[in-house]
Amino acid sequence: MIILVMAWRNIWRNKVRSAIIMCSVAIGLVAGLFVLSLYKGILEDRVSTVIHTEVSHIQLHHPKFKEDYEAKFVVARTDSVLSKLRGVPGIKSISARTVSQGMLMTGTGSTGLQIIGVDLANEKLVSQLDSKIIEGAGFGGKRKNQIIIGKKLADKMHLQRGNKAVLTFIDPESNIVSAAFRIVGIYRTDNAPRDERLVYVQRDDLNSLLAIGASAHEIAIILDDVNSVEATASSIKALFENMQVETWSEISPETKLMIDTTDSYSNIFIMIIMLALSFGIINTMLMAVLERSREIGMLLAVGMNRAKIFSMILTETIFLTLTGTPLGILITWLIVQIYQTKGIDISSIGGMTMSEFGFSSMIYPAFPWEKMPNELMIVTGAALFSALIPAIKAIRLKPVEALQK
Amino acid sequence: MTTVIDAHNVRKVYNPETVPVIAVNNVHLHIEKGEFTALVGPSGSGKTTLLNLIGGLDRPDAGNIIINDVNITSLSPNELIDFRLHNIGFVFQSFNLIPVLSARENVELIMQLQQVDKKEITDRVNKLFAEIGLSDKMNSRPAQLSGGQQQRVAVARALASRPKFILADEPTANLDSKSAANLLDIMLDLNKQEDMTFIFSTHDQRVIERARRVITLVDGQIASDTAAVDVRLKHEMSS
């Protein structure tokens, strides 16, 4: 106990020097934690985009469909499947999609793409497609063969709302099917490559051209709670044993990988910051040991053993380092509070580069509370590392020499 | 009589391989329990070195030092630290109190290191502060005390561990005459009442006059030593 008291009071002996180290730790943590907050904000946004715009929480397919996207591999008895799915607890919304690989041709050129047939009323509850439409109002009226294309595709193919384009694709019998579609809307998401590659048509139109009746190739599901994805996927797998049931992390493994690797990067990032700070802490503690040589010599003389001297210096360094930590956490939290609703617009720095990789150019930082135990361990580790040299120097003092200093 | 310190042929040489300086040369010393001994001699005569050797703070190059039947020259550094904690009290010339601890905490520190029971610590600290006349200053930090008061706290700290003897290196050197006399009174009282053995180095003639045994060192050797019989007589006469 007395060692704790001495260690705590010792750090306040030279207030200015200790305050400088505490501020350094706080500033270092602010830098590190704010970057982690940005990472978290970017990742949360990306995961949200993946789930709510691109793949949904869970998807069902015919087991062979994703091998070559052949039109014949439909979800058997789609209506019955949809009906059963509506009885599964935790499912918020469902959209049945017809999917076909094809070509889009205009008078100026052609491009390969994926054609998604959707019922807009259901689809907007799953992928929020309606909210992404920046020109036009989406499918409307009873007119057949309407198409919504991405902004990037529109720019590339010089297409505007009202223009016509011909879609060519393969039906289940391997016949080439072509039809002219009128552009009724242009959408834009944070994922430009996807905007270039995906077009939406009405499912009835596509099903009719493919002659697959009311079947669908893909059933996308949104859940009430993201944390129940695995449990719900298991329930659905049990219900439909002959179907391929995948969660968003299985469909988009690169996103999962990104989350996992970012966790490692962020730890390394904080470690580098703390390692740099360690040298300042070592210097401060070495000065403290040097200044207190006589006192340490006296403690050795009167019978304080070397283990206790070592632990006193260790404790002192940990106190010195950890005292700056709450300040760093508090400042970062305050900064994140300011920007988490306001957002940080980086489009002026990188233009639309972020959207080329599927990320929004608006970053809404999120404070990484879940990483705090890890970060505190790194800070404590840095303190222990910093304490080693001064503590070893202290226990190597010879009392008779130290007392003469 | 109980022998507290028995030193034989103790020799200490500094810089043996460059410019050898013989600090202590073949010293024989025998101290009995309850002695109040002054080590005197000119600067460089080896007083502090001899105290350091007896206190186990330094190792002799030759000879043996036996304290309470333990040959401390054969102890490892860690054993020596533990031996000092339980057997020897130190009073330093410049007090050497821990500035971040109160007077009370400075005294308690030694007993906490000895893992003494909390209640016993409180009782003993209160008794010691009463003996040194600083009961009202227990919670003051060293910086709030005068030099004399700090040295009295240092004496209390040395006594706290219930040592076999106390070594004091020039304890009055940094004190004014009144404080020095007061400190000496306390040391003599403790010597009489608790039969505590004191060995101290000093230049102060007034201190030397009150010592019951005076050992004079010259060039690392004992030049004179008042006889043990004289010491006892003087002790009986003064009491």
# chains A, B, ... in the order shown; residues from 1 in each chain; ligands from 1
$ residues_around --residues "Gln93 of chain B" --least-positions-apart "4" --cutoff "12 Å" --atoms "only C-alpha atoms" --output "ChimeraX atom specification"
/A:298,403-404 /B:48,97,147-148,150-152,154-155,167-175,180,200-203
$ interface_residues --of "chain A" --to "chain B" --cutoff "12 Å" --atoms "only C-alpha atoms" --output "PyMOL selection string"
chain A and resi 1-14+292-309+395-405
$ write_last_selection --atoms "C-alpha atoms" --output "PDB file, in the first residue's frame"
ATOM      1  CA  MET A   1       0.000   0.000   0.000  1.00  0.00           C
ATOM      2  CA  ILE A   2       2.761   2.425   0.979  1.00  0.00           C
ATOM      3  CA  ILE A   3       4.382   1.743  -2.406  1.00  0.00           C
ATOM      4  CA  LEU A   4       1.199   2.815  -4.186  1.00  0.00           C
ATOM      5  CA  VAL A   5       1.024   5.975  -2.068  1.00  0.00           C
ATOM      6  CA  MET A   6       4.684   6.804  -2.700  1.00  0.00           C
ATOM      7  CA  ALA A   7       4.385   6.087  -6.428  1.00  0.00           C
ATOM      8  CA  TRP A   8       1.293   8.283  -6.796  1.00  0.00           C
ATOM      9  CA  ARG A   9       2.806  11.180  -4.836  1.00  0.00           C
ATOM     10  CA  ASN A  10       6.145  10.852  -6.611  1.00  0.00           C
ATOM     11  CA  ILE A  11       4.602  11.596 -10.009  1.00  0.00           C
ATOM     12  CA  TRP A  12       3.480  14.992  -8.676  1.00  0.00           C
ATOM     13  CA  ARG A  13       6.935  15.972  -7.418  1.00  0.00           C
ATOM     14  CA  ASN A  14       7.772  17.589 -10.721  1.00  0.00           C
ATOM     15  CA  ARG A 292      16.185  10.494  -6.479  1.00  0.00           C
ATOM     16  CA  SER A 293      19.317   8.332  -6.371  1.00  0.00           C
ATOM     17  CA  ARG A 294      20.053   9.354  -2.768  1.00  0.00           C
ATOM     18  CA  GLU A 295      16.484   8.594  -1.723  1.00  0.00           C
ATOM     19  CA  ILE A 296      16.533   5.200  -3.431  1.00  0.00           C
ATOM     20  CA  GLY A 297      19.917   4.537  -1.829  1.00  0.00           C
ATOM     21  CA  MET A 298      18.413   5.377   1.566  1.00  0.00           C
ATOM     22  CA  LEU A 299      15.480   3.001   0.920  1.00  0.00           C
ATOM     23  CA  LEU A 300      17.926   0.230   0.033  1.00  0.00           C
ATOM     24  CA  ALA A 301      19.982   1.058   3.130  1.00  0.00           C
ATOM     25  CA  VAL A 302      17.055   0.876   5.554  1.00  0.00           C
ATOM     26  CA  GLY A 303      15.875  -2.421   4.096  1.00  0.00           C
ATOM     27  CA  MET A 304      13.504  -1.914   1.160  1.00  0.00           C
ATOM     28  CA  ASN A 305      14.359  -4.835  -1.079  1.00  0.00           C
ATOM     29  CA  ARG A 306      15.065  -4.513  -4.783  1.00  0.00           C
ATOM     30  CA  ALA A 307      11.749  -6.105  -5.806  1.00  0.00           C
ATOM     31  CA  LYS A 308       9.877  -3.372  -3.947  1.00  0.00           C
ATOM     32  CA  ILE A 309      12.071  -0.628  -5.452  1.00  0.00           C
ATOM     33  CA  ILE A 395      17.759  -1.508  -8.469  1.00  0.00           C
ATOM     34  CA  ARG A 396      21.344  -1.488  -9.674  1.00  0.00           C
ATOM     35  CA  LEU A 397      22.142   1.465  -7.418  1.00  0.00           C
ATOM     36  CA  LYS A 398      24.558   0.676  -4.617  1.00  0.00           C
ATOM     37  CA  PRO A 399      23.288   2.242  -1.397  1.00  0.00           C
ATOM     38  CA  VAL A 400      26.691   3.428  -0.249  1.00  0.00           C
ATOM     39  CA  GLU A 401      27.331   5.215  -3.561  1.00  0.00           C
ATOM     40  CA  ALA A 402      23.762   6.501  -3.975  1.00  0.00           C
ATOM     41  CA  LEU A 403      23.778   8.010  -0.478  1.00  0.00           C
ATOM     42  CA  GLN A 404      26.783  10.141  -1.380  1.00  0.00           C
ATOM     43  CA  LYS A 405      25.057  11.706  -4.433  1.00  0.00           C
TER      44      LYS A 405
END
$ atom_distance --atom1 "atom CA of Arg59 of chain B" --atom2 "atom CA of Lys12 of chain B"
7.8 Å
$ residues_around --residues "Gly41 of chain B" --least-positions-apart "4" --cutoff "6 Å" --atoms "only C-alpha atoms" --output "VMD selection string"
chain B and resid 45 216 to 217
$ write_last_selection --atoms "N, CA and C atoms" --output "JSON list (two decimals), in the first residue's frame"
[["chain", "number", "residue", "atom", "x", "y", "z"],
["B", 45, "SER", "N", 39.63, 9.91, 7.71],
["B", 45, "SER", "CA", 40.25, 8.93, 8.61],
["B", 45, "SER", "C", 39.58, 7.56, 8.52],
["B", 216, "THR", "N", 38.98, 6.74, 18.32],
["B", 216, "THR", "CA", 39.59, 7.69, 17.40],
["B", 216, "THR", "C", 40.26, 6.94, 16.26],
["B", 217, "LEU", "N", 39.89, 7.35, 15.07],
["B", 217, "LEU", "CA", 40.47, 6.74, 13.87],
["B", 217, "LEU", "C", 41.44, 7.70, 13.23]]
$ closest_residue --among "A:Ile133, A:Gly150, A:Gly90, A:Leu104" --to "Ala179 of chain A" --atoms "only C-alpha atoms"
A:Leu104
$ select_by_dssp --residues "segment 86-160 of chain B" --states "alpha helix (DSSP H)" --output "short mmCIF file (atom, residue, chain, number, x, y, z; two decimals) with N, CA and C atoms, in the first residue's frame"
data_model
loop_
_atom_site.label_atom_id
_atom_site.label_comp_id
_atom_site.auth_asym_id
_atom_site.auth_seq_id
_atom_site.Cartn_x
_atom_site.Cartn_y
_atom_site.Cartn_z
N HIS B 86 15.96 -5.72 9.65
CA HIS B 86 15.56 -6.26 10.95
C HIS B 86 16.57 -6.04 12.07
N ASN B 87 17.78 -5.56 11.72
CA ASN B 87 18.81 -5.49 12.77
C ASN B 87 19.47 -4.13 12.96
N ALA B 103 5.71 12.80 8.29
CA ALA B 103 6.64 12.30 9.30
C ALA B 103 6.19 10.93 9.78
N ARG B 104 4.88 10.80 10.05
CA ARG B 104 4.33 9.53 10.52
C ARG B 104 4.58 8.41 9.48
N GLU B 105 4.29 8.72 8.20
CA GLU B 105 4.44 7.71 7.15
C GLU B 105 5.91 7.30 6.98
N ASN B 106 6.82 8.28 7.17
CA ASN B 106 8.24 7.95 7.09
C ASN B 106 8.63 6.92 8.13
N VAL B 107 8.06 7.06 9.31
CA VAL B 107 8.38 6.12 10.40
C VAL B 107 7.66 4.78 10.17
N GLU B 108 6.41 4.89 9.70
CA GLU B 108 5.63 3.67 9.46
C GLU B 108 6.24 2.80 8.35
N LEU B 109 6.87 3.47 7.36
CA LEU B 109 7.41 2.77 6.19
C LEU B 109 8.24 1.54 6.57
N ILE B 110 9.16 1.74 7.55
CA ILE B 110 10.06 0.64 7.93
C ILE B 110 9.26 -0.54 8.49
N MET B 111 8.26 -0.20 9.32
CA MET B 111 7.48 -1.29 9.93
C MET B 111 6.60 -1.98 8.89
N GLN B 112 6.13 -1.20 7.92
CA GLN B 112 5.34 -1.82 6.84
C GLN B 112 6.21 -2.77 6.03
N LEU B 113 7.48 -2.37 5.83
CA LEU B 113 8.40 -3.27 5.12
C LEU B 113 8.62 -4.55 5.91
N LYS B 118 -0.90 -3.79 11.78
CA LYS B 118 -1.29 -2.39 11.65
C LYS B 118 -1.47 -1.70 13.01
N LYS B 119 -2.08 -2.42 13.95
CA LYS B 119 -2.33 -1.82 15.26
C LYS B 119 -1.00 -1.57 15.99
N GLU B 120 -0.11 -2.54 15.84
CA GLU B 120 1.20 -2.40 16.49
C GLU B 120 1.95 -1.21 15.90
N ILE B 121 1.80 -1.03 14.59
CA ILE B 121 2.46 0.11 13.94
C ILE B 121 1.95 1.40 14.56
N THR B 122 0.63 1.51 14.66
CA THR B 122 0.04 2.75 15.20
C THR B 122 0.54 3.00 16.62
N ASP B 123 0.50 1.97 17.45
CA ASP B 123 0.93 2.13 18.84
C ASP B 123 2.39 2.56 18.93
N ARG B 124 3.22 1.88 18.14
CA ARG B 124 4.66 2.16 18.23
C ARG B 124 4.97 3.56 17.69
N VAL B 125 4.31 3.93 16.60
CA VAL B 125 4.55 5.26 16.03
C VAL B 125 4.17 6.33 17.04
N ASN B 126 3.01 6.16 17.68
CA ASN B 126 2.57 7.15 18.68
C ASN B 126 3.59 7.25 19.82
N LYS B 127 4.09 6.09 20.26
CA LYS B 127 5.06 6.07 21.36
C LYS B 127 6.37 6.77 20.95
N LEU B 128 6.82 6.44 19.72
CA LEU B 128 8.09 7.02 19.25
C LEU B 128 7.99 8.53 19.11
N PHE B 129 6.86 9.00 18.57
CA PHE B 129 6.71 10.45 18.40
C PHE B 129 6.62 11.16 19.75
N ALA B 130 6.04 10.45 20.73
CA ALA B 130 6.00 11.03 22.08
C ALA B 130 7.42 11.13 22.63
N GLU B 131 8.22 10.10 22.38
CA GLU B 131 9.59 10.08 22.89
C GLU B 131 10.45 11.18 22.26
N GLY B 147 15.33 21.42 10.60
CA GLY B 147 16.36 20.40 10.48
C GLY B 147 16.41 19.50 11.70
N GLY B 148 16.33 20.13 12.90
CA GLY B 148 16.37 19.36 14.15
C GLY B 148 15.20 18.41 14.24
N GLN B 149 14.01 18.91 13.85
CA GLN B 149 12.81 18.06 13.91
C GLN B 149 12.93 16.90 12.92
N GLN B 150 13.46 17.20 11.73
CA GLN B 150 13.62 16.14 10.73
C GLN B 150 14.56 15.05 11.25
N GLN B 151 15.65 15.49 11.92
CA GLN B 151 16.61 14.50 12.41
C GLN B 151 16.00 13.67 13.54
N ARG B 152 15.10 14.28 14.32
CA ARG B 152 14.42 13.52 15.38
C ARG B 152 13.49 12.48 14.75
N VAL B 153 12.84 12.88 13.65
CA VAL B 153 11.98 11.91 12.94
C VAL B 153 12.86 10.78 12.39
N ALA B 154 14.05 11.15 11.89
CA ALA B 154 14.97 10.12 11.36
C ALA B 154 15.37 9.14 12.47
N VAL B 155 15.57 9.66 13.68
CA VAL B 155 15.91 8.77 14.82
C VAL B 155 14.72 7.85 15.11
N ALA B 156 13.50 8.42 15.07
CA ALA B 156 12.30 7.60 15.30
C ALA B 156 12.20 6.52 14.23
N ARG B 157 12.52 6.90 12.99
CA ARG B 157 12.47 5.91 11.90
C ARG B 157 13.48 4.79 12.15
N ALA B 158 14.68 5.19 12.62
CA ALA B 158 15.72 4.18 12.88
C ALA B 158 15.29 3.23 13.99
N LEU B 159 14.55 3.78 14.98
CA LEU B 159 14.12 2.96 16.12
C LEU B 159 12.91 2.09 15.79
N ALA B 160 12.16 2.52 14.76
CA ALA B 160 10.87 1.87 14.47
C ALA B 160 11.00 0.38 14.24
#
$ residues_around --residues "segment 122-127 of chain A" --least-positions-apart "4" --cutoff "9 Å" --atoms "only C-alpha atoms" --output "short mmCIF file (atom, residue, chain, number, x, y, z; two decimals) with N, CA and C atoms, in the first residue's frame"
data_model
loop_
_atom_site.label_atom_id
_atom_site.label_comp_id
_atom_site.auth_asym_id
_atom_site.auth_seq_id
_atom_site.Cartn_x
_atom_site.Cartn_y
_atom_site.Cartn_z
N THR A 49 -23.98 -0.25 -45.98
CA THR A 49 -24.19 -0.22 -47.43
C THR A 49 -24.31 -1.65 -47.97
N ILE A 51 -25.22 -4.32 -46.42
CA ILE A 51 -26.46 -4.98 -45.99
C ILE A 51 -27.69 -4.32 -46.62
N HIS A 52 -27.77 -3.01 -46.49
CA HIS A 52 -29.02 -2.33 -46.85
C HIS A 52 -29.10 -1.86 -48.30
N THR A 53 -28.00 -1.95 -49.03
CA THR A 53 -28.06 -1.54 -50.44
C THR A 53 -27.69 -2.70 -51.36
N GLU A 54 -26.75 -3.52 -50.92
CA GLU A 54 -26.20 -4.49 -51.85
C GLU A 54 -26.71 -5.93 -51.64
N VAL A 55 -26.46 -6.51 -50.47
CA VAL A 55 -26.74 -7.95 -50.37
C VAL A 55 -27.83 -8.34 -49.37
N SER A 56 -28.24 -7.45 -48.51
CA SER A 56 -29.20 -7.74 -47.43
C SER A 56 -28.54 -8.63 -46.36
N LYS A 92 -37.76 -8.97 -41.16
CA LYS A 92 -38.43 -7.68 -41.27
C LYS A 92 -39.03 -7.50 -42.67
N SER A 93 -38.21 -7.79 -43.69
CA SER A 93 -38.71 -7.61 -45.06
C SER A 93 -38.02 -8.59 -46.00
N ILE A 94 -38.74 -8.91 -47.09
CA ILE A 94 -38.24 -9.90 -48.04
C ILE A 94 -38.44 -9.36 -49.45
N SER A 95 -37.46 -9.59 -50.32
CA SER A 95 -37.63 -9.22 -51.73
C SER A 95 -37.18 -10.39 -52.61
N ALA A 96 -38.08 -10.81 -53.49
CA ALA A 96 -37.71 -11.87 -54.45
C ALA A 96 -37.14 -11.18 -55.69
N ARG A 97 -36.00 -11.69 -56.18
CA ARG A 97 -35.34 -11.06 -57.33
C ARG A 97 -35.11 -12.08 -58.43
N VAL A 118 -37.02 -6.78 -60.09
CA VAL A 118 -37.52 -6.58 -58.72
C VAL A 118 -38.97 -6.10 -58.73
N SER A 131 -34.75 5.21 -52.63
CA SER A 131 -34.06 6.38 -52.06
C SER A 131 -32.77 6.71 -52.80
N ALA A 220 -33.89 -12.05 -51.05
CA ALA A 220 -33.08 -11.24 -50.12
C ALA A 220 -33.91 -10.92 -48.89
N ILE A 221 -33.27 -11.06 -47.75
CA ILE A 221 -34.00 -10.92 -46.47
C ILE A 221 -33.32 -9.88 -45.57
N ILE A 222 -34.12 -9.00 -45.02
CA ILE A 222 -33.62 -8.06 -44.01
C ILE A 222 -34.25 -8.46 -42.67
#
$ atom_distance --atom1 "atom CA of Gly32 of chain A" --atom2 "atom CA of Pro365 of chain A"
12.9 Å
$ atom_distance --atom1 "atom CA of Ile186 of chain B" --atom2 "atom CA of Gln205 of chain B"
17.7 Å
$ residues_around --residues "segment 200-217 of chain A" --least-positions-apart "3" --cutoff "9 Å" --atoms "only C-alpha atoms" --output "ChimeraX atom specification"
/A:60-62,65,69,71-79,96-100,114-120,139,144-150,169-173,177-179,181
